[in-house]
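**Student:** This is run_26.tsv (TSV, C-alpha atoms).
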```
chain	number	residue	atom	x	y	z
W	1	MET	CA	-3.34	1.36	-10.78
W	2	SER	CA	-6.26	-0.45	-9.14
W	3	THR	CA	-6.69	-0.17	-5.38
W	4	LEU	CA	-7.70	-2.95	-3.01
W	5	ASN	CA	-9.55	-3.07	0.28
W	6	LYS	CA	-7.38	-3.57	3.37
W	7	ARG	CA	-8.13	-7.28	3.56
W	8	LEU	CA	-6.89	-8.06	0.04
W	9	ALA	CA	-4.03	-5.56	0.32
W	10	ALA	CA	-2.80	-7.50	3.37
W	11	CYS	CA	-2.89	-10.71	1.32
W	12	CYS	CA	-0.76	-9.08	-1.38
W	13	GLU	CA	1.98	-8.31	1.15
W	14	TYR	CA	2.79	-12.03	1.41
W	15	VAL	CA	2.84	-12.75	-2.34
W	16	ALA	CA	6.32	-13.69	-3.56
W	17	GLY	CA	5.43	-13.43	-7.26
W	18	SER	CA	8.40	-15.44	-8.54
W	19	GLY	CA	6.06	-17.47	-10.75
W	20	ILE	CA	2.36	-17.59	-11.55
W	21	VAL	CA	0.06	-16.28	-8.80
W	22	CYS	CA	-3.15	-18.29	-8.51
W	23	ASP	CA	-6.17	-16.49	-7.02
W	24	ILE	CA	-8.88	-18.94	-5.94
W	25	GLY	CA	-12.39	-17.47	-5.70
W	26	THR	CA	-11.24	-14.46	-7.69
W	27	ASP	CA	-14.68	-12.84	-8.01
W	28	HIS	CA	-13.92	-9.61	-9.94
W	29	ALA	CA	-10.19	-10.42	-10.37
W	30	TYR	CA	-9.25	-7.32	-8.39
W	31	LEU	CA	-6.34	-9.06	-6.65
W	32	PRO	CA	-4.53	-10.45	-9.75
W	33	ILE	CA	-5.10	-7.15	-11.59
W	34	HIS	CA	-3.51	-5.24	-8.72
W	35	LEU	CA	-0.58	-7.67	-8.50
W	36	LEU	CA	0.15	-7.28	-12.22
W	37	GLN	CA	-0.20	-3.50	-12.22
W	38	SER	CA	2.00	-3.11	-9.14
W	39	GLY	CA	4.71	-5.31	-10.65
W	40	LYS	CA	4.37	-7.88	-7.86
W	41	CYS	CA	4.06	-10.72	-10.38
W	42	GLY	CA	4.34	-11.30	-14.11
W	43	SER	CA	1.36	-13.59	-14.67
W	44	ALA	CA	-1.65	-14.89	-12.79
W	45	TYR	CA	-4.56	-17.31	-12.80
W	46	ALA	CA	-7.96	-15.89	-11.83
W	47	CYS	CA	-10.08	-18.85	-10.76
W	48	ASP	CA	-13.69	-19.25	-9.72
W	49	ILE	CA	-16.26	-22.03	-9.58
W	50	ALA	CA	-19.11	-19.97	-11.09
W	51	ASP	CA	-19.59	-18.40	-14.51
W	52	GLY	CA	-20.97	-15.11	-13.15
W	53	PRO	CA	-17.82	-14.08	-11.25
W	54	LEU	CA	-15.66	-15.22	-14.16
W	55	GLN	CA	-17.63	-13.00	-16.54
W	56	SER	CA	-17.03	-10.03	-14.21
W	57	ALA	CA	-13.37	-10.99	-13.95
W	58	ARG	CA	-13.06	-11.26	-17.74
W	59	ALA	CA	-14.58	-7.80	-18.23
W	60	ASN	CA	-12.22	-6.24	-15.67
W	61	VAL	CA	-9.14	-7.99	-17.05
W	62	SER	CA	-10.05	-6.86	-20.57
W	63	ALA	CA	-10.68	-3.28	-19.44
W	64	GLN	CA	-7.15	-3.18	-18.00
W	65	GLY	CA	-5.59	-4.74	-21.10
W	66	LEU	CA	-4.22	-7.71	-19.17
W	67	GLU	CA	-5.66	-10.59	-21.22
W	68	ASP	CA	-2.16	-11.82	-22.07
W	69	LYS	CA	-1.09	-11.81	-18.40
W	70	ILE	CA	-4.14	-13.15	-16.53
W	71	THR	CA	-5.65	-16.53	-17.43
W	72	LEU	CA	-9.21	-17.17	-16.31
W	73	ILE	CA	-9.97	-20.71	-15.11
W	74	ARG	CA	-13.30	-22.22	-14.08
W	75	SER	CA	-12.45	-24.55	-11.24
W	76	ASP	CA	-13.81	-25.92	-7.99
W	77	GLY	CA	-10.98	-24.75	-5.75
W	78	LEU	CA	-7.70	-26.02	-7.15
W	79	ASP	CA	-9.21	-29.09	-8.84
W	80	ASP	CA	-8.74	-27.90	-12.44
W	81	VAL	CA	-5.79	-25.56	-11.93
W	82	PRO	CA	-2.43	-26.59	-13.46
W	83	LEU	CA	0.06	-26.04	-10.62
W	84	GLN	CA	3.26	-26.31	-12.63
W	85	GLY	CA	4.93	-22.90	-12.52
W	86	VAL	CA	2.67	-21.60	-9.74
W	87	SER	CA	4.65	-19.82	-7.02
W	88	ASP	CA	1.77	-18.47	-4.92
W	89	ILE	CA	-1.81	-19.50	-4.16
W	90	VAL	CA	-4.18	-16.95	-2.63
W	91	ILE	CA	-7.46	-18.18	-1.11
W	92	ALA	CA	-9.29	-15.25	0.46
W	93	GLY	CA	-12.80	-14.53	1.66
W	94	MET	CA	-13.93	-18.11	2.34
W	95	GLY	CA	-14.71	-20.10	5.45
W	96	GLY	CA	-11.76	-21.80	7.10
W	97	GLU	CA	-13.33	-25.23	6.62
W	98	LEU	CA	-13.75	-24.66	2.87
W	99	ILE	CA	-10.16	-23.47	2.59
W	100	PHE	CA	-8.74	-26.60	4.19
W	101	ARG	CA	-11.00	-28.81	2.09
W	102	ILE	CA	-9.63	-27.12	-1.05
W	103	LEU	CA	-6.03	-27.58	0.12
W	104	GLY	CA	-6.67	-31.12	1.32
W	105	ARG	CA	-7.51	-32.33	-2.17
W	106	LYS	CA	-4.12	-31.15	-3.49
W	107	ILE	CA	-1.69	-31.61	-0.56
W	108	SER	CA	0.68	-33.82	-2.56
W	109	GLU	CA	1.15	-31.03	-5.16
W	110	LEU	CA	1.63	-28.05	-2.84
W	111	GLY	CA	5.28	-28.49	-1.88
W	112	GLY	CA	7.28	-25.33	-2.58
W	113	ILE	CA	4.21	-23.16	-3.17
W	114	ASN	CA	3.67	-20.04	-1.06
W	115	LEU	CA	0.15	-20.02	0.42
W	116	ILE	CA	-1.74	-16.88	1.41
W	117	LEU	CA	-4.98	-17.72	3.21
W	118	GLN	CA	-7.63	-15.33	4.52
W	119	PRO	CA	-10.49	-17.18	6.24
W	120	ASN	CA	-13.74	-15.43	7.09
W	121	THR	CA	-14.75	-18.03	9.71
W	122	ARG	CA	-13.21	-20.93	11.69
W	123	GLU	CA	-9.76	-19.38	11.72
W	124	ALA	CA	-8.50	-21.51	14.63
W	125	GLU	CA	-9.75	-24.65	12.90
W	126	LEU	CA	-7.78	-23.74	9.79
W	127	VAL	CA	-4.61	-23.04	11.81
W	128	GLY	CA	-4.93	-26.40	13.55
W	129	TRP	CA	-5.59	-28.22	10.28
W	130	LEU	CA	-2.52	-26.69	8.64
W	131	TYR	CA	-0.15	-27.96	11.34
W	132	GLU	CA	-1.87	-31.35	11.59
W	133	ASN	CA	-1.42	-31.84	7.84
W	134	GLY	CA	2.22	-30.87	7.44
W	135	PHE	CA	2.05	-27.14	6.80
W	136	GLU	CA	3.94	-24.45	8.69
W	137	ILE	CA	2.73	-20.91	9.25
W	138	LEU	CA	5.51	-18.46	8.37
W	139	ALA	CA	3.59	-15.30	9.27
W	140	GLN	CA	0.14	-14.23	10.36
W	141	ARG	CA	-1.47	-10.87	10.95
W	142	ALA	CA	-4.82	-9.37	11.81
W	143	VAL	CA	-6.33	-6.62	9.67
W	144	THR	CA	-9.42	-4.47	10.15
W	145	ASP	CA	-11.53	-3.80	7.08
W	146	ALA	CA	-14.95	-2.11	6.99
W	147	GLY	CA	-15.32	-2.53	10.76
W	148	LEU	CA	-14.59	-6.26	10.75
W	149	ILE	CA	-11.34	-7.94	11.74
W	150	TYR	CA	-9.75	-10.71	9.70
W	151	ILE	CA	-6.59	-12.77	9.87
W	152	VAL	CA	-4.23	-13.39	6.96
W	153	ILE	CA	-1.99	-16.47	7.05
W	154	ASN	CA	1.20	-17.12	5.08
W	155	ALA	CA	1.99	-20.84	5.07
W	156	VAL	CA	4.07	-23.46	3.25
W	157	TYR	CA	3.99	-27.25	3.14
W	158	LYS	CA	6.89	-28.79	5.10
W	159	GLY	CA	5.59	-32.33	5.68
W	160	GLU	CA	6.05	-32.20	9.46
W	161	MET	CA	2.77	-32.81	11.26
W	162	ARG	CA	1.95	-31.76	14.79
W	163	ALA	CA	-1.12	-31.15	16.90
W	164	LEU	CA	-1.73	-27.78	18.54
W	165	SER	CA	-3.42	-26.88	21.79
W	166	GLU	CA	-6.60	-24.82	21.55
W	167	LEU	CA	-4.63	-21.77	22.70
W	168	GLU	CA	-2.05	-22.30	19.93
W	169	ARG	CA	-4.78	-22.72	17.34
W	170	ILE	CA	-6.31	-19.36	18.24
W	171	LEU	CA	-3.00	-17.52	18.44
W	172	GLY	CA	-1.21	-19.06	15.48
W	173	LYS	CA	1.70	-16.74	14.67
W	174	LEU	CA	-0.09	-13.53	15.70
W	175	ASP	CA	2.01	-10.87	17.41
W	176	VAL	CA	0.02	-10.18	20.58
W	177	SER	CA	1.62	-6.73	20.89
W	178	ASP	CA	0.02	-5.63	17.62
W	179	PRO	CA	-3.20	-3.66	18.37
W	180	GLU	CA	-5.22	-5.37	15.62
W	181	ALA	CA	-4.04	-8.81	16.74
W	182	ALA	CA	-4.92	-7.92	20.33
W	183	ARG	CA	-8.39	-6.88	19.21
W	184	TYR	CA	-8.85	-10.16	17.34
W	185	ILE	CA	-7.74	-12.13	20.43
W	186	GLU	CA	-10.11	-10.11	22.61
W	187	ILE	CA	-13.00	-11.00	20.31
W	188	GLN	CA	-12.10	-14.69	20.58
W	189	ALA	CA	-11.95	-14.41	24.38
W	190	ASP	CA	-15.39	-12.78	24.42
W	191	ARG	CA	-16.77	-15.56	22.23
W	192	LEU	CA	-15.37	-18.21	24.57
W	193	SER	CA	-16.74	-16.44	27.66
W	194	LYS	CA	-20.20	-16.29	26.11
W	195	ALA	CA	-20.08	-19.99	25.20
W	196	ALA	CA	-18.79	-20.85	28.68
W	197	ALA	CA	-21.68	-19.03	30.36
W	198	GLY	CA	-24.17	-21.17	28.46
W	199	MET	CA	-22.38	-24.44	29.16
W	200	LEU	CA	-21.83	-23.76	32.85
W	201	GLY	CA	-25.60	-23.55	33.29
W	202	SER	CA	-26.11	-26.99	31.77
W	203	ARG	CA	-27.25	-30.02	33.74
W	204	SER	CA	-24.70	-32.14	31.89
W	205	PRO	CA	-21.42	-32.63	33.79
W	206	GLU	CA	-19.60	-32.94	30.46
W	207	LYS	CA	-20.98	-29.60	29.27
W	208	ARG	CA	-20.07	-27.93	32.55
W	209	GLU	CA	-16.53	-29.30	32.25
W	210	GLU	CA	-16.36	-27.96	28.71
W	211	GLY	CA	-17.60	-24.61	29.97
W	212	LEU	CA	-14.87	-24.45	32.62
W	213	ALA	CA	-12.24	-25.18	29.96
W	214	ALA	CA	-13.61	-22.42	27.71
W	215	GLN	CA	-13.67	-20.00	30.64
W	216	GLU	CA	-10.05	-20.80	31.49
W	217	LEU	CA	-8.95	-20.39	27.87
W	218	ALA	CA	-10.64	-16.98	27.70
W	219	LYS	CA	-8.71	-15.91	30.83
W	220	LYS	CA	-5.41	-17.02	29.29
W	221	LEU	CA	-6.10	-15.08	26.11
W	222	ARG	CA	-6.96	-11.90	28.02
W	223	ALA	CA	-3.85	-12.27	30.17
W	224	LEU	CA	-1.68	-12.43	27.03
W	225	ILE	CA	-2.94	-9.16	25.57
W	226	LYS	CA	-2.75	-7.38	28.94
W	227	ALA	CA	0.81	-8.50	29.68
```
Kindly return the structure encoded in the file as structure tokens.

**Tutor:**
Amino acid sequence: MSTLNKRLAACCEYVAGSGIVCDIGTDHAYLPIHLLQSGKCGSAYACDIADGPLQSARANVSAQGLEDKITLIRSDGLDDVPLQGVSDIVIAGMGGELIFRILGRKISELGGINLILQPNTREAELVGWLYENGFEILAQRAVTDAGLIYIVINAVYKGEMRALSELERILGKLDVSDPEAARYIEIQADRLSKAAAGMLGSRSPEKREEGLAAQELAKKLRALIKA
């Protein structure tokens, strides 16, 4: 059976697999291959916007004898993916802004589908966007892979919209007692402190005010993981 890196393995933990699993930005199709071989799902879509990754995916799927189980689709995000029968959508290894743009174009069709999202950047922005657009985060965890720390989000569309504070956007549903989550939060606090230092030295009163807010938020985050 194929093995996955820790980041993709964490994504697999949230896959329900009751229907078709759709992997957006599949690259080499490692994730759908692993899901099929582990018995986590019975069929999958391996989707990518570019021909090169799809050719690699096709070769890997063929080598594993899974051509009848994994359908390759060339698509910009979810634009050309038939969602009927899809139980799970995995979008991993992209920027948070790109992920919410992909979801935003298909919001009306995502009800009842289990979402597994792994942003590489702008994690807090993605968390905020999800709640502001009617999604709910069911679970969230941090995972360290090759020296870098990522978050994995499990979400569903509920239709209830609400705005989050900046603190809530950073924390999401992370368990602050988990060492990897604490490390992720510490990194965010360090980032805020560095940004605050630059803004506090500004001649602009607005920038200085923004710097004070960032400094205070960093203190709150550090207090949470030290409690």

**Student:** Which residue gives the smallest distance to W:Thr3 among W:Gln37, W:Gln55, W:Thr26, W:Ser43, with all atoms listed in the file counted?

**Tutor:**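 Ranked by minimum distance to W:Thr3, first place goes to W:Gln37.
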
**Student:** Just checking: using only C-alpha atoms, which residue out of W:Glu132, W:Glu109, W:Asp88, W:Asp79 ends up closest to W:Ile49?

**Tutor:**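 Using only C-alpha atoms, W:Ile49 sits closest to W:Asp79.
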
**Student:** Quick one: residues within 12 Å of W:Val127, only C-alpha atoms counted, chain neighbours fewer than 5 positions away excluded, as a PDB file with C-alpha atoms, keeping the file's coordinate frame?

**Tutor:**
```
ATOM      1  CA  GLY W  96     -11.760 -21.800   7.100  1.00  0.00           C
ATOM      2  CA  GLU W  97     -13.330 -25.230   6.620  1.00  0.00           C
ATOM      3  CA  ILE W  99     -10.160 -23.470   2.590  1.00  0.00           C
ATOM      4  CA  PHE W 100      -8.740 -26.600   4.190  1.00  0.00           C
ATOM      5  CA  LEU W 117      -4.980 -17.720   3.210  1.00  0.00           C
ATOM      6  CA  GLN W 118      -7.630 -15.330   4.520  1.00  0.00           C
ATOM      7  CA  PRO W 119     -10.490 -17.180   6.240  1.00  0.00           C
ATOM      8  CA  THR W 121     -14.750 -18.030   9.710  1.00  0.00           C
ATOM      9  CA  ARG W 122     -13.210 -20.930  11.690  1.00  0.00           C
ATOM     10  CA  GLU W 132      -1.870 -31.350  11.590  1.00  0.00           C
ATOM     11  CA  ASN W 133      -1.420 -31.840   7.840  1.00  0.00           C
ATOM     12  CA  GLY W 134       2.220 -30.870   7.440  1.00  0.00           C
ATOM     13  CA  PHE W 135       2.050 -27.140   6.800  1.00  0.00           C
ATOM     14  CA  GLU W 136       3.940 -24.450   8.690  1.00  0.00           C
ATOM     15  CA  ILE W 137       2.730 -20.910   9.250  1.00  0.00           C
ATOM     16  CA  LEU W 138       5.510 -18.460   8.370  1.00  0.00           C
ATOM     17  CA  ALA W 139       3.590 -15.300   9.270  1.00  0.00           C
ATOM     18  CA  GLN W 140       0.140 -14.230  10.360  1.00  0.00           C
ATOM     19  CA  ILE W 151      -6.590 -12.770   9.870  1.00  0.00           C
ATOM     20  CA  VAL W 152      -4.230 -13.390   6.960  1.00  0.00           C
ATOM     21  CA  ILE W 153      -1.990 -16.470   7.050  1.00  0.00           C
ATOM     22  CA  ASN W 154       1.200 -17.120   5.080  1.00  0.00           C
ATOM     23  CA  ALA W 155       1.990 -20.840   5.070  1.00  0.00           C
ATOM     24  CA  ARG W 162       1.950 -31.760  14.790  1.00  0.00           C
ATOM     25  CA  ALA W 163      -1.120 -31.150  16.900  1.00  0.00           C
ATOM     26  CA  LEU W 164      -1.730 -27.780  18.540  1.00  0.00           C
ATOM     27  CA  SER W 165      -3.420 -26.880  21.790  1.00  0.00           C
ATOM     28  CA  GLU W 166      -6.600 -24.820  21.550  1.00  0.00           C
ATOM     29  CA  LEU W 167      -4.630 -21.770  22.700  1.00  0.00           C
ATOM     30  CA  GLU W 168      -2.050 -22.300  19.930  1.00  0.00           C
ATOM     31  CA  ARG W 169      -4.780 -22.720  17.340  1.00  0.00           C
ATOM     32  CA  ILE W 170      -6.310 -19.360  18.240  1.00  0.00           C
ATOM     33  CA  LEU W 171      -3.000 -17.520  18.440  1.00  0.00           C
ATOM     34  CA  GLY W 172      -1.210 -19.060  15.480  1.00  0.00           C
ATOM     35  CA  LYS W 173       1.700 -16.740  14.670  1.00  0.00           C
ATOM     36  CA  LEU W 174      -0.090 -13.530  15.700  1.00  0.00           C
TER      37      LEU W 174
END
```

**Student:** Rounded to one decimal, what separation in Å do you get between atom CA of W:Gly104 and atom CA of W:Tyr131?

**Tutor:**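 A separation of 12.4 Å between them.
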
**Student:** At a cut-off of 12 Å, using all atoms listed in the file, what residues contact W:Glu210? Leave out same-chain residues fewer than 6 positions from it and give the result as a list in words.

**Tutor:** Leu192, Ser193, Ala195, Ala196, Ala197, Gly198, Met199, Leu200, Gly201, Ser202, Ser204, Glu216 and Leu217 of chain W

**Student:** For stretch 179-198 of chain W, I'd like the enclosing box, axis-aligned and padded by 5 Å on every side, reported as lines of an AutoDock Vina configuration file with centre and edge lengths in Å to one decimal.

**Tutor:**
```
center_x = -13.7
center_y = -12.4
center_z = 23.0
size_x = 31.0
size_y = 27.5
size_z = 24.7
```

**Student:** Using all atoms listed in the file, determine which residues lie at most 7 Å from W:Ala189, disregarding the query and same-chain residues fewer than 3 positions distant; provide the list as an MDAnalysis selection string.

**Tutor:** chainID W and resid 185:186 192:193 218 221:222
